[in-house]
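Asks: I am sharing start38.pdb, which consists of PDB, C-alpha atoms:
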```pdb
ATOM      1  CA  MET A   9       0.126 -13.135 -22.761
ATOM      2  CA  LYS A  10      -1.466 -11.999 -19.525
ATOM      3  CA  CYS A  11      -2.676  -8.717 -21.012
ATOM      4  CA  TRP A  12      -4.706 -10.697 -23.553
ATOM      5  CA  ARG A  13      -6.236 -12.899 -20.837
ATOM      6  CA  ILE A  14      -7.236  -9.807 -18.872
ATOM      7  CA  PHE A  15      -8.776  -8.194 -21.937
ATOM      8  CA  LYS A  16     -10.561 -11.408 -22.912
ATOM      9  CA  HIS A  17     -11.981 -11.701 -19.423
ATOM     10  CA  ALA A  18     -13.155  -8.080 -19.523
ATOM     11  CA  TRP A  19     -14.798  -8.730 -22.893
ATOM     12  CA  ARG A  20     -16.612 -11.746 -21.455
ATOM     13  CA  LEU A  21     -17.815  -9.665 -18.527
ATOM     14  CA  SER A  22     -19.245  -7.137 -20.990
ATOM     15  CA  VAL A  23     -20.905  -9.694 -23.266
ATOM     16  CA  ASP A  24     -22.164 -12.128 -20.630
ATOM     17  CA  ASN A  25     -23.732  -9.292 -18.648
ATOM     18  CA  ARG A  26     -24.983  -7.303 -21.644
ATOM     19  CA  SER A  27     -28.591  -7.291 -20.407
ATOM     20  CA  THR A  28     -27.529  -5.675 -17.120
ATOM     21  CA  ALA A  29     -25.209  -3.300 -18.983
ATOM     22  CA  LEU A  30     -28.151  -2.259 -21.140
ATOM     23  CA  LYS A  31     -30.288  -1.750 -18.048
ATOM     24  CA  ILE A  32     -27.594   0.458 -16.492
ATOM     25  CA  VAL A  33     -26.962   2.637 -19.539
ATOM     26  CA  ALA A  34     -30.478   2.754 -21.040
ATOM     27  CA  PRO A  35     -31.842   5.675 -18.921
ATOM     28  CA  PHE A  36     -28.761   7.791 -19.645
ATOM     29  CA  PHE A  37     -28.776   6.856 -23.332
ATOM     30  CA  ALA A  38     -32.435   7.889 -23.592
ATOM     31  CA  VAL A  39     -31.853  11.271 -21.925
ATOM     32  CA  THR A  40     -28.729  11.903 -24.014
ATOM     33  CA  MET A  41     -30.558  11.140 -27.241
ATOM     34  CA  LEU A  42     -33.458  13.386 -26.186
ATOM     35  CA  LEU A  43     -31.067  16.254 -25.534
ATOM     36  CA  GLN A  44     -29.346  15.654 -28.861
ATOM     37  CA  VAL A  45     -32.649  15.589 -30.750
ATOM     38  CA  VAL A  46     -33.768  18.829 -29.103
ATOM     39  CA  MET A  47     -30.472  20.493 -30.017
ATOM     40  CA  THR A  48     -30.636  19.192 -33.594
ATOM     41  CA  ILE A  49     -34.140  20.586 -34.050
ATOM     42  CA  TYR A  50     -33.125  23.877 -32.445
ATOM     43  CA  VAL A  51     -30.070  24.235 -34.711
ATOM     44  CA  GLU A  52     -32.234  23.699 -37.799
ATOM     45  CA  MET A  53     -34.650  26.426 -36.708
ATOM     46  CA  GLU A  54     -34.052  29.896 -38.101
ATOM     47  CA  ILE A  55     -34.481  31.443 -34.675
ATOM     48  CA  ALA A  56     -31.509  29.577 -33.186
ATOM     49  CA  ASN A  57     -29.622  31.729 -30.689
ATOM     50  CA  ALA A  58     -25.876  31.193 -30.206
ATOM     51  CA  THR A  59     -26.006  31.800 -26.439
ATOM     52  CA  ILE A  60     -28.889  29.397 -25.889
ATOM     53  CA  LEU A  61     -27.126  26.804 -28.040
ATOM     54  CA  LYS A  62     -23.961  27.115 -25.941
ATOM     55  CA  VAL A  63     -25.976  26.634 -22.770
ATOM     56  CA  MET A  64     -27.600  23.528 -24.254
ATOM     57  CA  LEU A  65     -24.212  22.145 -25.300
ATOM     58  CA  LEU A  66     -22.805  22.792 -21.828
ATOM     59  CA  ALA A  67     -25.802  21.129 -20.146
ATOM     60  CA  THR A  68     -25.455  18.092 -22.414
ATOM     61  CA  ALA A  69     -21.719  17.841 -21.732
ATOM     62  CA  LEU A  70     -22.223  18.094 -17.960
ATOM     63  CA  PHE A  71     -24.972  15.472 -18.046
ATOM     64  CA  GLY A  72     -22.733  13.174 -20.109
ATOM     65  CA  PHE A  73     -19.901  13.588 -17.620
ATOM     66  CA  LEU A  74     -22.119  12.844 -14.616
ATOM     67  CA  ALA A  75     -23.734   9.922 -16.453
ATOM     68  CA  SER A  76     -20.304   8.407 -17.171
ATOM     69  CA  LEU A  77     -19.369   8.539 -13.476
ATOM     70  CA  TRP A  78     -22.780   7.170 -12.460
ATOM     71  CA  ILE A  79     -22.507   4.284 -14.955
ATOM     72  CA  ALA A  80     -18.926   3.539 -13.887
ATOM     73  CA  VAL A  81     -19.801   3.261 -10.202
ATOM     74  CA  ALA A  82     -22.912   1.182 -10.963
ATOM     75  CA  TRP A  83     -20.983  -1.224 -13.204
ATOM     76  CA  HIS A  84     -18.120  -1.759 -10.751
ATOM     77  CA  ARG A  85     -20.565  -2.382  -7.914
ATOM     78  CA  PHE A  86     -22.659  -4.776 -10.001
ATOM     79  CA  ILE A  87     -19.674  -6.891 -11.062
ATOM     80  CA  LEU A  88     -17.756  -6.869  -7.784
ATOM     81  CA  ILE A  89     -20.485  -6.934  -5.113
ATOM     82  CA  ASP A  90     -23.560  -8.056  -7.110
ATOM     83  CA  GLU A  91     -25.447  -4.796  -6.707
ATOM     84  CA  TYR A  92     -28.111  -5.177  -9.392
ATOM     85  CA  PRO A  93     -29.574  -1.999 -10.887
ATOM     86  CA  LYS A  94     -33.268  -1.184 -10.680
ATOM     87  CA  THR A  95     -35.093   1.035 -13.165
ATOM     88  CA  ILE A  96     -32.354   3.580 -12.634
ATOM     89  CA  PRO A  97     -29.019   2.556 -11.065
ATOM     90  CA  ALA A  98     -28.703   3.570  -7.425
ATOM     91  CA  PHE A  99     -27.190   7.011  -7.015
ATOM     92  CA  HIS A 100     -24.200   6.728  -4.659
ATOM     93  CA  GLY A 101     -23.277  10.386  -4.424
ATOM     94  CA  ALA A 102     -20.303   9.895  -2.098
ATOM     95  CA  ARG A 103     -18.930   7.073  -4.231
ATOM     96  CA  ILE A 104     -19.374   9.057  -7.451
ATOM     97  CA  PHE A 105     -17.575  12.034  -5.924
ATOM     98  CA  SER A 106     -14.791   9.766  -4.661
ATOM     99  CA  TYR A 107     -14.533   8.223  -8.149
ATOM    100  CA  PHE A 108     -14.184  11.696  -9.645
ATOM    101  CA  ILE A 109     -11.499  12.680  -7.122
ATOM    102  CA  SER A 110      -9.560   9.455  -7.782
ATOM    103  CA  GLY A 111      -9.696  10.115 -11.519
ATOM    104  CA  LEU A 112      -8.562  13.691 -10.918
ATOM    105  CA  LEU A 113      -5.655  12.405  -8.815
ATOM    106  CA  ILE A 114      -4.552  10.041 -11.582
ATOM    107  CA  GLY A 115      -4.754  12.857 -14.119
ATOM    108  CA  LEU A 116      -2.785  15.195 -11.843
ATOM    109  CA  MET A 117      -0.038  12.633 -11.329
ATOM    110  CA  ALA A 118       0.181  12.062 -15.084
ATOM    111  CA  PHE A 119       0.397  15.832 -15.584
ATOM    112  CA  LEU A 120       3.209  16.124 -13.044
ATOM    113  CA  VAL A 121       5.110  13.379 -14.828
ATOM    114  CA  ILE A 122       4.792  15.032 -18.225
ATOM    115  CA  ILE A 123       5.906  18.539 -17.129
ATOM    116  CA  PRO A 124       9.628  17.615 -16.838
ATOM    117  CA  LEU A 125       9.359  16.069 -20.295
ATOM    118  CA  PHE A 126       8.161  19.352 -21.807
ATOM    119  CA  VAL A 127      10.933  21.228 -20.024
ATOM    120  CA  ALA A 128      13.663  18.798 -21.123
ATOM    121  CA  THR A 129      12.451  18.750 -24.727
ATOM    122  CA  GLY A 130      12.279  22.539 -24.852
ATOM    123  CA  ILE A 131      15.832  22.861 -23.516
ATOM    124  CA  LEU A 132      17.181  20.377 -26.061
ATOM    125  CA  GLN A 133      15.415  22.059 -28.958
ATOM    126  CA  ASN A 134      16.450  25.588 -27.959
ATOM    127  CA  ALA A 135      20.048  24.448 -27.631
ATOM    128  CA  ASN A 136      19.852  22.633 -30.987
ATOM    129  CA  PHE A 137      21.269  19.640 -29.179
ATOM    130  CA  PHE A 138      20.426  16.513 -31.131
ATOM    131  CA  PRO A 139      16.908  17.573 -32.194
ATOM    132  CA  TRP A 140      16.369  14.098 -33.631
ATOM    133  CA  PHE A 141      16.679  12.703 -30.098
ATOM    134  CA  SER A 142      13.336  14.213 -29.091
ATOM    135  CA  PHE A 143      11.359  11.463 -30.867
ATOM    136  CA  PRO A 144      12.744   8.507 -28.865
ATOM    137  CA  ILE A 145      12.409  10.609 -25.702
ATOM    138  CA  TRP A 146       8.714  11.154 -26.444
ATOM    139  CA  CYS A 147       8.212   7.478 -27.260
ATOM    140  CA  ALA A 148       9.788   6.434 -23.964
ATOM    141  CA  ALA A 149       7.713   9.036 -22.135
ATOM    142  CA  VAL A 150       4.454   7.852 -23.706
ATOM    143  CA  VAL A 151       5.212   4.253 -22.744
ATOM    144  CA  GLY A 152       6.161   5.239 -19.200
ATOM    145  CA  LEU A 153       3.160   7.513 -18.758
ATOM    146  CA  THR A 154       0.813   4.826 -20.080
ATOM    147  CA  ILE A 155       2.185   2.243 -17.654
ATOM    148  CA  ILE A 156       1.970   4.612 -14.684
ATOM    149  CA  THR A 157      -1.607   5.607 -15.510
ATOM    150  CA  MET A 158      -2.769   2.035 -16.064
ATOM    151  CA  ARG A 159      -1.208   0.830 -12.814
ATOM    152  CA  LEU A 160      -3.045   3.559 -10.893
ATOM    153  CA  MET A 161      -6.412   2.684 -12.434
ATOM    154  CA  THR A 162      -7.251   0.188  -9.687
ATOM    155  CA  LEU A 163      -7.938   3.254  -7.519
ATOM    156  CA  LEU A 164     -11.180   3.778  -9.445
ATOM    157  CA  PRO A 165     -13.045   0.520  -8.642
ATOM    158  CA  ALA A 166     -11.840   0.874  -5.042
ATOM    159  CA  ALA A 167     -13.449   4.331  -4.918
ATOM    160  CA  ALA A 168     -16.681   2.914  -6.368
ATOM    161  CA  LEU A 169     -16.811   0.294  -3.605
ATOM    162  CA  GLY A 170     -15.817   2.681  -0.820
ATOM    163  CA  LYS A 171     -12.784   0.567   0.056
ATOM    164  CA  PRO A 172      -9.638   2.516   0.995
ATOM    165  CA  LEU A 173      -6.755   2.047  -1.433
ATOM    166  CA  THR A 174      -3.740   4.343  -1.552
ATOM    167  CA  VAL A 175      -1.401   5.063  -4.428
ATOM    168  CA  ARG A 176       1.264   3.103  -2.581
ATOM    169  CA  ASP A 177      -1.106   0.139  -2.236
ATOM    170  CA  THR A 178      -1.974   0.009  -5.926
ATOM    171  CA  TRP A 179       1.669   0.482  -6.877
ATOM    172  CA  GLN A 180       2.630  -2.449  -4.681
ATOM    173  CA  VAL A 181      -0.018  -4.905  -5.901
ATOM    174  CA  THR A 182       0.842  -4.209  -9.561
ATOM    175  CA  LYS A 183       4.594  -4.468  -9.060
ATOM    176  CA  GLY A 184       6.424  -6.258 -11.868
ATOM    177  CA  GLN A 185       3.483  -6.024 -14.296
ATOM    178  CA  ASN A 186       4.614  -3.103 -16.465
ATOM    179  CA  GLY A 187       4.558  -5.130 -19.680
ATOM    180  CA  THR A 188       1.079  -6.440 -18.928
ATOM    181  CA  PHE A 189      -0.336  -2.983 -18.315
ATOM    182  CA  PHE A 190       1.244  -1.469 -21.414
ATOM    183  CA  GLY A 191       0.025  -4.381 -23.537
ATOM    184  CA  LEU A 192      -3.458  -3.914 -22.111
ATOM    185  CA  ALA A 193      -3.406  -0.209 -23.035
ATOM    186  CA  VAL A 194      -2.431  -1.155 -26.601
ATOM    187  CA  LEU A 195      -5.291  -3.674 -26.794
ATOM    188  CA  LEU A 196      -7.785  -1.049 -25.607
ATOM    189  CA  PHE A 197      -6.475   1.365 -28.230
ATOM    190  CA  LEU A 198      -6.792  -1.226 -31.007
ATOM    191  CA  PHE A 199     -10.297  -2.126 -29.841
ATOM    192  CA  ALA A 200     -11.395   1.527 -29.918
ATOM    193  CA  LEU A 201      -9.772   2.284 -33.296
ATOM    194  CA  PRO A 202     -12.532   0.878 -35.586
ATOM    195  CA  PHE A 203     -15.193   2.803 -33.642
ATOM    196  CA  ARG A 204     -13.269   6.042 -34.083
ATOM    197  CA  ILE A 205     -12.684   5.399 -37.783
ATOM    198  CA  VAL A 206     -16.426   4.906 -38.335
ATOM    199  CA  SER A 207     -17.072   8.137 -36.409
ATOM    200  CA  LEU A 208     -14.753   9.997 -38.794
ATOM    201  CA  LEU A 209     -16.461   8.448 -41.818
ATOM    202  CA  LEU A 210     -19.832   9.638 -40.491
ATOM    203  CA  ASN A 211     -18.694  13.253 -40.214
ATOM    204  CA  GLU A 212     -20.524  14.119 -43.430
ATOM    205  CA  SER A 213     -23.661  12.159 -42.509
ATOM    206  CA  PRO A 214     -26.835  13.751 -41.081
ATOM    207  CA  LEU A 215     -26.195  15.156 -37.613
ATOM    208  CA  LEU A 216     -28.600  12.798 -35.867
ATOM    209  CA  VAL A 217     -27.053   9.690 -37.467
ATOM    210  CA  GLY A 218     -23.575  10.720 -36.358
ATOM    211  CA  THR A 219     -24.862  11.531 -32.877
ATOM    212  CA  ILE A 220     -26.549   8.150 -32.477
ATOM    213  CA  TRP A 221     -23.401   6.306 -33.564
ATOM    214  CA  GLU A 222     -21.143   8.441 -31.389
ATOM    215  CA  THR A 223     -23.325   7.867 -28.336
ATOM    216  CA  PHE A 224     -23.588   4.130 -28.997
ATOM    217  CA  SER A 225     -19.844   3.675 -29.599
ATOM    218  CA  ASN A 226     -18.969   5.697 -26.495
ATOM    219  CA  ILE A 227     -21.209   3.458 -24.379
ATOM    220  CA  VAL A 228     -19.651   0.254 -25.784
ATOM    221  CA  LEU A 229     -16.136   1.550 -25.236
ATOM    222  CA  LEU A 230     -17.056   2.749 -21.743
ATOM    223  CA  ILE A 231     -18.464  -0.624 -20.661
ATOM    224  CA  VAL A 232     -15.493  -2.568 -22.036
ATOM    225  CA  THR A 233     -13.005  -0.163 -20.437
ATOM    226  CA  LEU A 234     -14.850  -0.330 -17.113
ATOM    227  CA  SER A 235     -14.792  -4.135 -17.348
ATOM    228  CA  VAL A 236     -11.021  -3.997 -17.815
ATOM    229  CA  LEU A 237     -10.650  -1.808 -14.711
ATOM    230  CA  THR A 238     -12.959  -4.121 -12.762
ATOM    231  CA  THR A 239     -10.903  -7.139 -13.812
ATOM    232  CA  LEU A 240      -7.670  -5.415 -12.796
ATOM    233  CA  TYR A 241      -9.088  -4.651  -9.362
ATOM    234  CA  GLY A 242     -10.528  -8.130  -8.932
ATOM    235  CA  HIS A 243      -7.305  -9.829  -9.995
ATOM    236  CA  TYR A 244      -4.570  -7.657  -8.488
ATOM    237  CA  VAL A 245      -6.285  -6.259  -5.388
ATOM    238  CA  GLU A 246      -8.747  -8.996  -4.434
ATOM    239  CA  LYS A 247      -6.511 -11.781  -5.843
ATOM    240  CA  ARG A 248      -9.253 -13.402  -7.892
ATOM    241  CA  PRO A 249      -8.099 -15.749 -10.667
ATOM    242  CA  LEU A 250      -8.631 -14.968 -14.335
ATOM    243  CA  VAL A 251     -10.535 -17.002 -16.897
ATOM    244  CA  GLY A 252      -8.563 -20.165 -17.610
ATOM    245  CA  GLU A 253      -7.221 -20.398 -14.090
ATOM    246  CA  ASP A 254      -8.896 -22.249 -11.213
ATOM    247  CA  GLN A 255     -12.112 -20.300 -11.643
ATOM    248  CA  ALA A 256     -13.441 -17.217 -13.351
ATOM    249  CA  VAL A 257     -13.624 -13.757 -11.864
ATOM    250  CA  PRO A 258     -15.496 -12.082 -10.486
TER     251      PRO A 258
END
```
Please express what this file holds, its structure, as structure tokens.
Replies:
Amino acid sequence: MKCWRIFKHAWRLSVDNRSTALKIVAPFFAVTMLLQVVMTIYVEMEIANATILKVMLLATALFGFLASLWIAVAWHRFILIDEYPKTIPAFHGARIFSYFISGLLIGLMAFLVIIPLFVATGILQNANFFPWFSFPIWCAAVVGLTIITMRLMTLLPAAALGKPLTVRDTWQVTKGQNGTFFGLAVLLFLFALPFRIVSLLLNESPLLVGTIWETFSNIVLLIVTLSVLTTLYGHYVEKRPLVGEDQAVP
């Protein structure tokens, strides 16, 4: 199955370049852990103030969001154009902003697709017209929404590289690959499942232990997911062959 070959290639990208991945994420991991330790100590102090704690949580969340975008752009650029990171990955402000806008566009399009579904389901339920029919409708909608979102994901590496790619372009290059993209989404879900199960099991563990695991698992999942997006761009947009074909990509 092609979805498996794409995922396997993305996994190889992650593992074979693990030293560079570590170099890219290490500064952000260190800062995140420092913020988490400070918050943990503050929470355990009797003088903890709810307002200050909220500000700290907000600052940590904003840093995590920016770090994710920064890592994403750095990883795409490393894999696709051999831009090796230094002590801290180069900050491409315009590319990071473009990456954010592209992600926002994908989310907006997904939202616009799901609105008619809510309306149709509400009408059917209010009219008591075959209430049991709502389940297959939702299943079909989830599959369709997943395929649409995955096919648009090639916009993200393009934004990281600063290469223009429209929705029409990405829709055209991924034409006829619906099954591949849905299968790939399922593989990503199955890959992430054990990490999430462990996170749930650690809910009752000391706060710092759970935080360390959550941060680590998020980084692993982020790198693998970014490698999948990079592979999709390299294969469908730049027409590079996959592992097992004439040569490996990128």
Asks: Excluding region 150-153 of chain A and any residue of its chain fewer than 6 positions from it, enumerate the residues within 12 Å of it, using only C-alpha atoms, and give them as an MDAnalysis selection string.
Replies: chainID A and resid 114:123 125 143:144 159:160 186:187 189:194
Asks: Take the PyMOL selection byres ((chain A and resi 89) around 12), run it mentally on this structure, and tell me the resulting residues as a list in words.
Replies: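 Output of the PyMOL selection byres ((chain A and resi 89) around 12): Val81, Ala82, Trp83, His84, Arg85, Phe86, Ile87, Leu88, Asp90, Glu91, Tyr92, Pro93, Pro165, Ala166, Ala168, Leu169, Gly170, Lys171, Thr238, Gly242, Glu246, Val257 and Pro258 of chain A.
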Asks: Env of region 37-53 of chain A: 12 Å cut, atoms = all atoms listed in the file, seq-sep filter 6 positions within chain, self excluded. Answer as a PyMOL selection string.
Replies: chain A and resi 29-31+59-76+79+96+214-228
Asks: Could you expand the PyMOL selection byres ((chain A and resi 241) around 9) into the explicit residues it covers here, written as a PyMOL selection string?
Replies: chain A and resi 161-166+236-240+242-248
Asks: Excluding Val232 (chain A) and its own-chain neighbours fewer than 6 positions away, which residues fall within 9 Å of it when counting only C-alpha atoms? Please give them as a PyMOL selection string.
Replies: chain A and resi 15+18-19+21-22+196
Asks: Which of these residues is nearest to Ile109 (chain A), using all atoms listed in the file: A:Arg204, A:Trp146, A:Leu77, A:Thr154?
Replies: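 Looking at the shortest contact to Ile109 (chain A), the residue is A:Leu77.
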Asks: Work out how far apart CA of Met158 (chain A) and CA of Thr178 (chain A) are and give it in Å to one decimal.
Replies: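 Atom-to-atom, CA of Met158 (chain A) and CA of Thr178 (chain A) are spaced 10.4 Å apart.
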Asks: Using the incomplete input, complete region 169-191 of chain A to the level of N, CA and C atoms; output as a compact mmCIF listing (two decimals), keeping the file's coordinate frame.
Replies:
```
# COMPACT_ATOMS: atom_id res chain seq x y z
N LEU A 169 -16.38 1.20 -4.68
CA LEU A 169 -16.81 0.29 -3.60
C LEU A 169 -16.72 0.93 -2.23
N GLY A 170 -16.01 2.05 -2.12
CA GLY A 170 -15.82 2.68 -0.82
C GLY A 170 -14.77 1.98 0.02
N LYS A 171 -13.85 1.27 -0.66
CA LYS A 171 -12.78 0.57 0.06
C LYS A 171 -11.49 1.37 -0.07
N PRO A 172 -10.85 1.69 1.05
CA PRO A 172 -9.64 2.52 1.00
C PRO A 172 -8.50 1.82 0.25
N LEU A 173 -7.90 2.55 -0.68
CA LEU A 173 -6.76 2.05 -1.43
C LEU A 173 -5.89 3.25 -1.77
N THR A 174 -4.65 3.23 -1.31
CA THR A 174 -3.74 4.34 -1.55
C THR A 174 -2.94 4.11 -2.83
N VAL A 175 -2.28 5.17 -3.26
CA VAL A 175 -1.40 5.06 -4.43
C VAL A 175 -0.30 4.04 -4.15
N ARG A 176 0.22 4.06 -2.95
CA ARG A 176 1.26 3.10 -2.58
C ARG A 176 0.74 1.67 -2.65
N ASP A 177 -0.50 1.48 -2.20
CA ASP A 177 -1.11 0.14 -2.24
C ASP A 177 -1.21 -0.38 -3.67
N THR A 178 -1.78 0.44 -4.55
CA THR A 178 -1.97 0.01 -5.93
C THR A 178 -0.65 -0.17 -6.65
N TRP A 179 0.34 0.63 -6.27
CA TRP A 179 1.67 0.48 -6.88
C TRP A 179 2.30 -0.84 -6.45
N GLN A 180 2.05 -1.22 -5.21
CA GLN A 180 2.63 -2.45 -4.68
C GLN A 180 1.99 -3.69 -5.30
N VAL A 181 0.66 -3.70 -5.40
CA VAL A 181 -0.02 -4.90 -5.90
C VAL A 181 0.21 -5.12 -7.39
N THR A 182 0.59 -4.07 -8.12
CA THR A 182 0.84 -4.21 -9.56
C THR A 182 2.33 -4.25 -9.88
N LYS A 183 3.14 -4.43 -8.88
CA LYS A 183 4.59 -4.47 -9.06
C LYS A 183 5.00 -5.58 -10.03
N GLY A 184 5.91 -5.26 -10.93
CA GLY A 184 6.42 -6.26 -11.87
C GLY A 184 5.51 -6.56 -13.04
N GLN A 185 4.46 -5.77 -13.23
CA GLN A 185 3.48 -6.02 -14.30
C GLN A 185 3.46 -4.92 -15.36
N ASN A 186 4.57 -4.22 -15.52
CA ASN A 186 4.61 -3.10 -16.46
C ASN A 186 4.26 -3.54 -17.89
N GLY A 187 4.82 -4.65 -18.33
CA GLY A 187 4.56 -5.13 -19.68
C GLY A 187 3.09 -5.48 -19.88
N THR A 188 2.49 -6.07 -18.86
CA THR A 188 1.08 -6.44 -18.93
C THR A 188 0.20 -5.20 -19.06
N PHE A 189 0.50 -4.18 -18.29
CA PHE A 189 -0.34 -2.98 -18.32
C PHE A 189 -0.16 -2.20 -19.62
N PHE A 190 1.05 -2.16 -20.14
CA PHE A 190 1.24 -1.47 -21.41
C PHE A 190 0.56 -2.24 -22.54
N GLY A 191 0.69 -3.57 -22.53
CA GLY A 191 0.02 -4.38 -23.54
C GLY A 191 -1.49 -4.22 -23.49
```
